[in-house]
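Asker: Just structure-v8.cif, nothing more (mmCIF, C-alpha atoms):
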data_target
loop_
_atom_site.label_atom_id
_atom_site.label_comp_id
_atom_site.auth_asym_id
_atom_site.auth_seq_id
_atom_site.Cartn_x
_atom_site.Cartn_y
_atom_site.Cartn_z
CA MET Z 1216 44.74 -9.15 -21.66
CA ALA Z 1217 42.00 -7.70 -19.48
CA ALA Z 1218 40.45 -10.03 -16.92
CA ALA Z 1219 36.95 -11.20 -17.80
CA SER Z 1220 34.20 -9.84 -15.59
CA SER Z 1221 32.28 -12.34 -13.48
CA PRO Z 1222 28.68 -13.22 -14.45
CA PRO Z 1223 26.11 -10.98 -12.68
CA VAL Z 1224 24.34 -13.99 -11.16
CA LEU Z 1225 27.52 -14.87 -9.28
CA GLY Z 1226 27.43 -11.57 -7.40
CA ILE Z 1227 23.71 -11.95 -6.72
CA LEU Z 1228 23.99 -15.45 -5.26
CA ALA Z 1229 27.27 -14.81 -3.41
CA HIS Z 1230 25.51 -12.75 -0.71
CA ASP Z 1231 24.65 -14.94 2.29
CA LEU Z 1232 21.14 -13.58 2.84
CA ARG Z 1233 20.22 -13.69 -0.85
CA TRP Z 1234 21.53 -17.26 -0.98
CA ALA Z 1235 19.36 -18.13 2.03
CA ILE Z 1236 16.29 -16.51 0.44
CA VAL Z 1237 16.84 -18.41 -2.81
CA GLY Z 1238 17.14 -21.66 -0.86
CA LEU Z 1239 13.88 -21.02 1.00
CA LEU Z 1240 11.98 -20.00 -2.14
CA ALA Z 1241 13.28 -23.07 -3.99
CA GLU Z 1242 11.22 -25.09 -1.52
CA SER Z 1243 8.07 -22.96 -1.22
CA ASP Z 1244 6.55 -19.63 -2.22
CA LEU Z 1245 6.66 -17.41 0.88
CA ARG Z 1246 5.53 -14.00 2.09
CA THR Z 1247 8.00 -11.37 3.30
CA GLY Z 1248 7.04 -11.94 6.94
CA GLU Z 1249 7.74 -15.65 6.59
CA LEU Z 1250 11.15 -14.96 5.06
CA VAL Z 1251 11.89 -12.57 7.93
CA ALA Z 1252 10.95 -15.23 10.48
CA ARG Z 1253 12.96 -17.98 8.80
CA THR Z 1254 16.11 -15.91 8.20
CA GLY Z 1255 16.01 -13.99 11.49
CA GLN Z 1256 16.82 -10.75 9.63
CA GLN Z 1257 15.18 -7.32 9.76
CA PRO Z 1258 12.18 -6.76 7.42
CA SER Z 1259 13.89 -3.85 5.68
CA LEU Z 1260 16.98 -5.96 4.97
CA VAL Z 1261 14.95 -8.88 3.62
CA SER Z 1262 12.91 -6.50 1.44
CA TYR Z 1263 16.08 -4.90 0.05
CA HIS Z 1264 17.59 -8.23 -0.97
CA LEU Z 1265 14.29 -9.43 -2.41
CA GLY Z 1266 14.43 -6.31 -4.57
CA ARG Z 1267 17.92 -7.25 -5.77
CA LEU Z 1268 16.67 -10.73 -6.69
CA ARG Z 1269 13.67 -9.24 -8.53
CA ASP Z 1270 15.94 -6.85 -10.45
CA ALA Z 1271 18.03 -9.85 -11.50
CA GLY Z 1272 14.92 -11.57 -12.87
CA LEU Z 1273 15.17 -14.47 -10.44
CA VAL Z 1274 12.21 -13.68 -8.15
CA SER Z 1275 8.76 -12.20 -8.76
CA ALA Z 1276 5.98 -11.15 -6.39
CA ARG Z 1277 2.34 -12.22 -6.68
CA ARG Z 1278 -0.38 -10.44 -4.76
CA SER Z 1279 -2.07 -12.84 -2.35
CA THR Z 1280 -5.59 -13.74 -3.43
CA ALA Z 1281 -6.43 -14.34 0.24
CA ASP Z 1282 -5.08 -11.05 1.65
CA GLY Z 1283 -4.51 -8.44 -1.04
CA ARG Z 1284 -2.27 -6.45 1.31
CA ASP Z 1285 0.36 -9.17 1.17
CA SER Z 1286 2.35 -10.88 -1.59
CA TYR Z 1287 3.99 -14.23 -2.18
CA HIS Z 1288 7.53 -14.30 -3.54
CA VAL Z 1289 8.15 -16.84 -6.32
CA LEU Z 1290 11.56 -18.11 -7.46
CA ASP Z 1291 11.93 -18.63 -11.22
CA LEU Z 1292 13.89 -21.89 -11.25
CA ASP Z 1293 14.15 -21.89 -15.04
CA ALA Z 1294 15.73 -18.43 -15.03
CA LEU Z 1295 18.09 -19.44 -12.22
CA GLY Z 1296 19.05 -22.64 -14.03
CA GLN Z 1297 19.77 -20.78 -17.25
CA ALA Z 1298 21.91 -18.20 -15.43
CA VAL Z 1299 23.90 -20.87 -13.59
CA GLY Z 1300 24.29 -22.82 -16.85
CA VAL Z 1301 25.73 -19.78 -18.62
CA MET Z 1302 28.12 -19.26 -15.70
CA ALA Z 1303 29.27 -22.89 -15.80
CA ALA Z 1304 29.76 -22.78 -19.60
CA GLN Z 1305 31.97 -19.70 -19.27
CA ILE Z 1306 34.28 -21.63 -16.97
CA ASN Z 1307 34.33 -24.87 -18.96
CA PRO Z 1308 31.63 -26.33 -21.23
CA GLY Z 1309 32.31 -29.75 -19.74
CA LEU Z 1310 30.82 -28.62 -16.45
CA LEU Z 1311 27.37 -28.62 -18.04
CA ALA Z 1312 27.50 -32.37 -18.67
CA GLY Z 1313 27.06 -33.09 -15.00
CA ILE Z 1314 24.16 -30.74 -14.38
CA THR Z 1315 21.98 -31.12 -17.45
CA ALA Z 1316 19.65 -33.94 -18.39
CA SER Z 1317 16.85 -34.35 -20.87
CA GLU Z 1318 14.58 -35.81 -18.17
CA PRO Z 1319 14.52 -35.08 -14.43
CA PRO Z 1320 15.42 -37.91 -12.02
CA ARG Z 1321 12.40 -39.74 -10.65
CA PRO Z 1322 11.84 -41.43 -7.29
CA THR Z 1323 12.87 -45.09 -7.18
CA ALA Z 1324 10.39 -45.88 -4.41
CA LEU Z 1325 6.68 -45.15 -4.71
CA SER Z 1326 5.96 -41.63 -3.46
CA THR Z 1327 2.60 -39.98 -2.76
CA VAL Z 1328 1.81 -36.26 -3.04
CA LEU Z 1329 -1.36 -34.28 -2.30
CA PHE Z 1330 -2.19 -31.02 -4.11
CA VAL Z 1331 -4.72 -28.68 -2.50
CA CYS Z 1332 -6.61 -25.66 -3.84
CA THR Z 1333 -9.95 -24.07 -3.07
CA GLY Z 1334 -12.34 -25.74 -5.50
CA ASN Z 1335 -10.30 -28.72 -6.75
CA THR Z 1336 -11.57 -27.66 -10.18
CA ALA Z 1337 -8.41 -26.71 -12.09
CA ARG Z 1338 -5.03 -26.10 -10.48
CA SER Z 1339 -4.86 -29.12 -8.16
CA PRO Z 1340 -6.18 -31.73 -10.63
CA MET Z 1341 -3.88 -30.26 -13.31
CA ALA Z 1342 -0.89 -30.53 -10.95
CA ALA Z 1343 -1.81 -34.09 -9.99
CA GLY Z 1344 -2.21 -34.95 -13.68
CA TRP Z 1345 1.26 -33.64 -14.48
CA LEU Z 1346 2.91 -35.44 -11.57
CA ASN Z 1347 1.24 -38.73 -12.37
CA HIS Z 1348 2.27 -38.30 -16.02
CA LEU Z 1349 5.89 -37.20 -15.48
CA GLY Z 1350 6.39 -39.50 -12.50
CA ALA Z 1351 6.07 -42.51 -14.81
CA GLY Z 1352 4.40 -44.74 -12.25
CA GLN Z 1353 6.78 -43.90 -9.40
CA VAL Z 1354 4.54 -41.18 -7.95
CA THR Z 1355 0.90 -41.29 -6.96
CA ALA Z 1356 -0.59 -37.80 -6.91
CA HIS Z 1357 -3.96 -36.88 -5.39
CA SER Z 1358 -5.81 -33.58 -5.26
CA ALA Z 1359 -8.43 -32.02 -3.02
CA GLY Z 1360 -10.20 -28.74 -2.28
CA ILE Z 1361 -11.59 -26.95 0.76
CA ALA Z 1362 -14.81 -26.20 -1.16
CA PRO Z 1363 -14.96 -28.73 -4.02
CA ALA Z 1364 -16.72 -27.82 -7.28
CA PRO Z 1365 -16.99 -29.49 -10.72
CA LEU Z 1366 -13.88 -29.91 -12.85
CA HIS Z 1367 -13.43 -26.99 -15.25
CA PRO Z 1368 -13.64 -28.12 -18.90
CA LEU Z 1369 -10.88 -25.70 -19.95
CA ALA Z 1370 -8.51 -27.39 -17.47
CA VAL Z 1371 -9.21 -30.67 -19.25
CA ALA Z 1372 -8.66 -29.04 -22.65
CA ALA Z 1373 -5.36 -27.37 -21.66
CA MET Z 1374 -3.91 -30.60 -20.28
CA ALA Z 1375 -5.14 -32.62 -23.27
CA GLU Z 1376 -2.91 -30.46 -25.50
CA HIS Z 1377 0.05 -32.03 -23.67
CA GLY Z 1378 -1.34 -35.55 -23.91
CA VAL Z 1379 -2.42 -35.63 -20.26
CA ASP Z 1380 -6.01 -36.77 -19.64
CA ILE Z 1381 -7.58 -35.47 -16.43
CA GLY Z 1382 -11.16 -35.89 -17.65
CA GLY Z 1383 -11.84 -38.65 -15.13
CA HIS Z 1384 -11.10 -36.44 -12.13
CA ARG Z 1385 -13.79 -36.23 -9.46
CA PRO Z 1386 -13.67 -33.32 -6.97
CA ALA Z 1387 -12.72 -34.35 -3.43
CA HIS Z 1388 -12.85 -32.52 -0.10
CA LEU Z 1389 -9.62 -32.13 1.86
CA ASP Z 1390 -11.30 -33.92 4.79
CA ALA Z 1391 -11.28 -37.13 2.76
CA PHE Z 1392 -7.50 -37.28 3.26
CA GLU Z 1393 -7.30 -36.26 6.92
CA THR Z 1394 -6.06 -39.71 8.03
CA SER Z 1395 -3.74 -40.20 5.04
CA SER Z 1396 -0.02 -39.47 4.95
CA PHE Z 1397 2.01 -38.13 2.05
CA ALA Z 1398 5.62 -37.48 1.10
CA ARG Z 1399 4.59 -33.88 0.40
CA VAL Z 1400 1.46 -31.75 0.63
CA ILE Z 1401 1.42 -28.75 -1.71
CA THR Z 1402 -1.11 -25.93 -1.56
CA LEU Z 1403 -1.59 -24.13 -4.87
CA CYS Z 1404 -4.06 -21.46 -3.79
CA ASP Z 1405 -3.41 -18.61 -1.35
CA ARG Z 1406 -6.91 -18.90 0.10
CA ALA Z 1407 -6.51 -22.64 0.59
CA ARG Z 1408 -3.16 -22.21 2.30
CA GLU Z 1409 -4.47 -19.62 4.71
CA ALA Z 1410 -7.86 -21.23 5.39
CA CYS Z 1411 -7.38 -25.01 5.21
CA GLY Z 1412 -6.32 -25.46 8.83
CA GLU Z 1413 -4.33 -28.60 9.63
CA LEU Z 1414 -3.05 -30.45 6.58
CA PRO Z 1415 -2.69 -34.23 6.29
CA ALA Z 1416 0.56 -35.67 7.65
CA ALA Z 1417 3.63 -35.08 5.47
CA PRO Z 1418 7.36 -34.50 6.04
CA ALA Z 1419 7.07 -31.38 3.89
CA ALA Z 1420 4.13 -28.99 3.44
CA VAL Z 1421 4.89 -26.24 0.92
CA HIS Z 1422 3.05 -23.60 -1.06
CA TRP Z 1423 2.99 -22.68 -4.74
CA SER Z 1424 1.16 -19.39 -5.32
CA ILE Z 1425 -0.55 -20.20 -8.64
CA PRO Z 1426 -3.11 -17.72 -10.07
CA ASN Z 1427 -6.59 -19.16 -10.59
CA PRO Z 1428 -7.06 -19.44 -14.38
CA SER Z 1429 -10.86 -19.50 -14.02
CA GLN Z 1430 -10.69 -15.94 -12.64
CA ALA Z 1431 -9.15 -14.54 -15.83
CA HIS Z 1432 -11.39 -11.90 -17.45
CA PRO Z 1433 -12.89 -13.46 -19.40
CA PRO Z 1434 -11.85 -17.04 -18.61
CA ASP Z 1435 -10.27 -18.48 -21.75
CA LEU Z 1436 -8.12 -21.39 -22.79
CA ASP Z 1437 -4.94 -19.28 -22.83
CA ALA Z 1438 -5.17 -18.70 -19.07
CA PHE Z 1439 -5.42 -22.45 -18.49
CA ARG Z 1440 -2.56 -23.06 -20.92
CA ALA Z 1441 -0.38 -20.70 -18.88
CA THR Z 1442 -1.29 -22.58 -15.70
CA ALA Z 1443 -0.48 -25.91 -17.37
CA ARG Z 1444 2.95 -24.60 -18.44
CA GLU Z 1445 3.81 -23.24 -15.01
CA LEU Z 1446 2.70 -26.42 -13.27
CA ARG Z 1447 4.73 -28.57 -15.66
CA ALA Z 1448 7.86 -26.54 -14.90
CA ARG Z 1449 7.28 -26.78 -11.16
CA ILE Z 1450 6.60 -30.52 -11.31
CA ARG Z 1451 9.84 -31.09 -13.23
CA TYR Z 1452 11.73 -29.46 -10.34
CA LEU Z 1453 9.68 -31.36 -7.75
CA LEU Z 1454 10.65 -34.79 -9.11
CA PRO Z 1455 14.36 -34.52 -8.12
CA LEU Z 1456 13.31 -33.50 -4.59
CA LEU Z 1457 11.09 -36.56 -4.31
CA ALA Z 1458 13.91 -38.71 -5.70
CA ALA Z 1459 16.37 -37.30 -3.16
CA ALA Z 1460 13.96 -38.15 -0.34
CA ASP Z 1461 13.84 -41.88 -1.26
#
Let me see whether you can do it: turn the structure in this file into structure tokens.
Answerer:
Amino acid sequence: MAAASSPPVLGILAHDLRWAIVGLLAESDLRTGELVARTGQQPSLVSYHLGRLRDAGLVSARRSTADGRDSYHVLDLDALGQAVGVMAAQINPGLLAGITASEPPRPTALSTVLFVCTGNTARSPMAAGWLNHLGAGQVTAHSAGIAPAPLHPLAVAAMAEHGVDIGGHRPAHLDAFETSSFARVITLCDRAREACGELPAAPAAVHWSIPNPSQAHPPDLDAFRATARELRARIRYLLPLLAAAD
């Protein structure tokens, strides 16, 4: 009987540098230069292994909206989870019982998170809405902008389709939180990340490179729906990190 071939994801993740890149991108979206600095490897080597991860469908690149010459690399945690799940099932279906759950673990102690984008009009209030909703009272999420503007009505509509009401949100300036402390501060906008200066105190400050749905041409509800879906997925993976930090 011929030996079964190993799952492709096993070979992808078995390389030390690719494993390190996946670990860094699981925490925050990063640019190539930041990955080079954090891994201590040559730019050409990091770029090559990023290409292997992109070819495997685990990582994508998004052009920075702050500096169009640069890109942020984004790890698809759903794709990675599905690939690892398939690998585990091929070994023994019982392995899946310990790594799957219908709901993500939540913090047991009250945790606070701040989301930041440019206008505080869509992405950050949507993210805060999801975290407050999925955190089931164990997380308090706030949002702010570096140039606050009115809440976008399509953001309200997209979240309402999921039963999350953000209609009461009032735009806030990042300066309003300068003396506050948080478990995590998350920037959602490339411009905000690169222009906000010093962030409020937090053990972890990370970046999610989320496209601005109001800049879709023309802006429509589908763009905001896509943002709502991506934010929900990211929040589901954030909750176990907050729980682990209790």
Asker: Determine the residue membership of the PyMOL selection byres ((chain Z and resi 1388) around 7) for the file above and supply it as a list in words.
Answerer: Ala1359, Gly1360, Ile1361, Ala1362, Pro1363, Pro1386, Ala1387, Leu1389, Asp1390 and Ala1391 of chain Z
Asker: With only C-alpha atoms as the counted atoms, please give the residues lying no more than 12 Å from Val1251 in chain Z, apart from itself and same-chain residues fewer than 6 positions off, as a list in words.
Answerer: Leu1232, Ala1235, Ile1236, Leu1239, Leu1245, Gln1257, Pro1258, Ser1259, Leu1260, Val1261, Ser1262, Tyr1263, His1264 and Leu1265 of chain Z
Asker: Give the answer as one residue: which of Z:Ala1431, Z:Met1374, Z:Leu1273, Z:Ala1281 has the shortest atom-to-atom distance to Asp1293 in chain Z, using all atoms listed in the file?
Answerer: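 Of Z:Ala1431, Z:Met1374, Z:Leu1273, Z:Ala1281, the one nearest Asp1293 in chain Z, counting all atoms listed in the file, is Z:Leu1273.
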Asker: For the provided coordinates, the residues matched by the PyMOL selection byres ((chain Z and resi 1291) around 10) should be stated as a PDB file with C-alpha atoms, in the frame of the given file.
Answerer:
ATOM      1  CA  VAL Z1237      16.840 -18.410  -2.810  1.00  0.00           C
ATOM      2  CA  LEU Z1240      11.980 -20.000  -2.140  1.00  0.00           C
ATOM      3  CA  ALA Z1241      13.280 -23.070  -3.990  1.00  0.00           C
ATOM      4  CA  ARG Z1269      13.670  -9.240  -8.530  1.00  0.00           C
ATOM      5  CA  GLY Z1272      14.920 -11.570 -12.870  1.00  0.00           C
ATOM      6  CA  LEU Z1273      15.170 -14.470 -10.440  1.00  0.00           C
ATOM      7  CA  VAL Z1274      12.210 -13.680  -8.150  1.00  0.00           C
ATOM      8  CA  SER Z1275       8.760 -12.200  -8.760  1.00  0.00           C
ATOM      9  CA  HIS Z1288       7.530 -14.300  -3.540  1.00  0.00           C
ATOM     10  CA  VAL Z1289       8.150 -16.840  -6.320  1.00  0.00           C
ATOM     11  CA  LEU Z1290      11.560 -18.110  -7.460  1.00  0.00           C
ATOM     12  CA  LEU Z1292      13.890 -21.890 -11.250  1.00  0.00           C
ATOM     13  CA  ASP Z1293      14.150 -21.890 -15.040  1.00  0.00           C
ATOM     14  CA  ALA Z1294      15.730 -18.430 -15.030  1.00  0.00           C
ATOM     15  CA  LEU Z1295      18.090 -19.440 -12.220  1.00  0.00           C
ATOM     16  CA  GLY Z1296      19.050 -22.640 -14.030  1.00  0.00           C
ATOM     17  CA  ALA Z1448       7.860 -26.540 -14.900  1.00  0.00           C
ATOM     18  CA  ARG Z1449       7.280 -26.780 -11.160  1.00  0.00           C
TER      19      ARG Z1449
END
Asker: Grab the CA of Ile1401 in chain Z to CA of Ala1420 in chain Z distance for me, in Å with one decimal place.
Answerer: 5.8 Å
Asker: Taking all atoms of range 1219-1231 of chain Z that the file lists and extending 5 Å past them on each side, where is the centre of the axis-aligned box and how long are its edges? Answer in Å to one decimal, as JSON.
Answerer:
{"center_x": 30.3, "center_y": -12.6, "center_z": -7.8, "size_x": 23.2, "size_y": 15.6, "size_z": 30.1}
Asker: Rank Z:Ser1395, Z:Thr1402, Z:Asn1335, Z:Ser1326 by their smallest atom-to-atom distance to Leu1454 in chain Z, using all atoms listed in the file, and report the top residue only.
Answerer: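 Of Z:Ser1395, Z:Thr1402, Z:Asn1335, Z:Ser1326, the one nearest Leu1454 in chain Z, counting all atoms listed in the file, is Z:Ser1326.
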Asker: Hey, can you check how far CA of Ala1458 in chain Z sits from CA of Pro1418 in chain Z?
Answerer: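 Between these atoms lies a distance of 14.1 Å.
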Asker: So which residues are close to (-4.0, -25.9, -0.5), meaning at most 10 Å away in the file's coordinates with all atoms listed in the file counted, and can you show them as JSON, numbers by chain?
Answerer: {"Z": [1329, 1330, 1331, 1332, 1333, 1334, 1335, 1339, 1358, 1359, 1360, 1361, 1389, 1400, 1401, 1402, 1403, 1404, 1405, 1406, 1407, 1408, 1409, 1410, 1411, 1412, 1414, 1420, 1421, 1422, 1423, 1424]}
Asker: Could you take the residues named above and write them with C-alpha atoms, as a PDB file, keeping the file's coordinate frame?
Answerer:
ATOM      1  CA  LEU Z1329      -1.360 -34.280  -2.300  1.00  0.00           C
ATOM      2  CA  PHE Z1330      -2.190 -31.020  -4.110  1.00  0.00           C
ATOM      3  CA  VAL Z1331      -4.720 -28.680  -2.500  1.00  0.00           C
ATOM      4  CA  CYS Z1332      -6.610 -25.660  -3.840  1.00  0.00           C
ATOM      5  CA  THR Z1333      -9.950 -24.070  -3.070  1.00  0.00           C
ATOM      6  CA  GLY Z1334     -12.340 -25.740  -5.500  1.00  0.00           C
ATOM      7  CA  ASN Z1335     -10.300 -28.720  -6.750  1.00  0.00           C
ATOM      8  CA  SER Z1339      -4.860 -29.120  -8.160  1.00  0.00           C
ATOM      9  CA  SER Z1358      -5.810 -33.580  -5.260  1.00  0.00           C
ATOM     10  CA  ALA Z1359      -8.430 -32.020  -3.020  1.00  0.00           C
ATOM     11  CA  GLY Z1360     -10.200 -28.740  -2.280  1.00  0.00           C
ATOM     12  CA  ILE Z1361     -11.590 -26.950   0.760  1.00  0.00           C
ATOM     13  CA  LEU Z1389      -9.620 -32.130   1.860  1.00  0.00           C
ATOM     14  CA  VAL Z1400       1.460 -31.750   0.630  1.00  0.00           C
ATOM     15  CA  ILE Z1401       1.420 -28.750  -1.710  1.00  0.00           C
ATOM     16  CA  THR Z1402      -1.110 -25.930  -1.560  1.00  0.00           C
ATOM     17  CA  LEU Z1403      -1.590 -24.130  -4.870  1.00  0.00           C
ATOM     18  CA  CYS Z1404      -4.060 -21.460  -3.790  1.00  0.00           C
ATOM     19  CA  ASP Z1405      -3.410 -18.610  -1.350  1.00  0.00           C
ATOM     20  CA  ARG Z1406      -6.910 -18.900   0.100  1.00  0.00           C
ATOM     21  CA  ALA Z1407      -6.510 -22.640   0.590  1.00  0.00           C
ATOM     22  CA  ARG Z1408      -3.160 -22.210   2.300  1.00  0.00           C
ATOM     23  CA  GLU Z1409      -4.470 -19.620   4.710  1.00  0.00           C
ATOM     24  CA  ALA Z1410      -7.860 -21.230   5.390  1.00  0.00           C
ATOM     25  CA  CYS Z1411      -7.380 -25.010   5.210  1.00  0.00           C
ATOM     26  CA  GLY Z1412      -6.320 -25.460   8.830  1.00  0.00           C
ATOM     27  CA  LEU Z1414      -3.050 -30.450   6.580  1.00  0.00           C
ATOM     28  CA  ALA Z1420       4.130 -28.990   3.440  1.00  0.00           C
ATOM     29  CA  VAL Z1421       4.890 -26.240   0.920  1.00  0.00           C
ATOM     30  CA  HIS Z1422       3.050 -23.600  -1.060  1.00  0.00           C
ATOM     31  CA  TRP Z1423       2.990 -22.680  -4.740  1.00  0.00           C
ATOM     32  CA  SER Z1424       1.160 -19.390  -5.320  1.00  0.00           C
TER      33      SER Z1424
END
Asker: Nearest to Ala1337 in chain Z: which of Z:Ala1252, Z:Ala1460, Z:Ala1417, Z:Ala1373 is it, counting only C-alpha atoms?
Answerer: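 Of Z:Ala1252, Z:Ala1460, Z:Ala1417, Z:Ala1373, the one nearest Ala1337 in chain Z, counting only C-alpha atoms, is Z:Ala1373.
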Asker: Determine the residue set returned by the PyMOL selection byres ((chain Z and resi 1398) around 6) for the present structure, and present it as a list in words.
Answerer: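 Applied to this file, the PyMOL selection byres ((chain Z and resi 1398) around 6) selects Thr1327, Val1328, Phe1397, Arg1399 and Ala1417 of chain Z.
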Asker: With C-alpha atoms kept, could you save the residues just selected as a PDB file, keeping the file's coordinate frame?
Answerer:
ATOM      1  CA  THR Z1327       2.600 -39.980  -2.760  1.00  0.00           C
ATOM      2  CA  VAL Z1328       1.810 -36.260  -3.040  1.00  0.00           C
ATOM      3  CA  PHE Z1397       2.010 -38.130   2.050  1.00  0.00           C
ATOM      4  CA  ARG Z1399       4.590 -33.880   0.400  1.00  0.00           C
ATOM      5  CA  ALA Z1417       3.630 -35.080   5.470  1.00  0.00           C
TER       6      ALA Z1417
END
Asker: What is the CA of Val1354 in chain Z to CA of Arg1246 in chain Z distance in Å?
Answerer: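 Straight-line distance from CA of Val1354 in chain Z to CA of Arg1246 in chain Z works out to 29.0 Å.
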Asker: Rank Z:Met1341, Z:Leu1325, Z:Ala1438, Z:Leu1346 by their smallest atom-to-atom distance to Leu1366 in chain Z, using all atoms listed in the file, and report the top residue only.
Answerer: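 Using all atoms listed in the file, the shortest distance to Leu1366 in chain Z belongs to Z:Met1341.
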Asker: Given the choices Z:Asp1244, Z:Val1301, Z:His1357, Z:Gln1430, which gets closest to Ala1276 in chain Z if the distance is worked out from only C-alpha atoms?
Answerer: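 Of Z:Asp1244, Z:Val1301, Z:His1357, Z:Gln1430, the one nearest Ala1276 in chain Z, counting only C-alpha atoms, is Z:Asp1244.
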Asker: Here is a test: counting all atoms listed in the file, which residue of Z:Arg1447, Z:Arg1267, Z:His1367, Z:Arg1284 is nearest to Ala1343 in chain Z?
Answerer: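 So, comparing all the options, the nearest one is Z:Arg1447.
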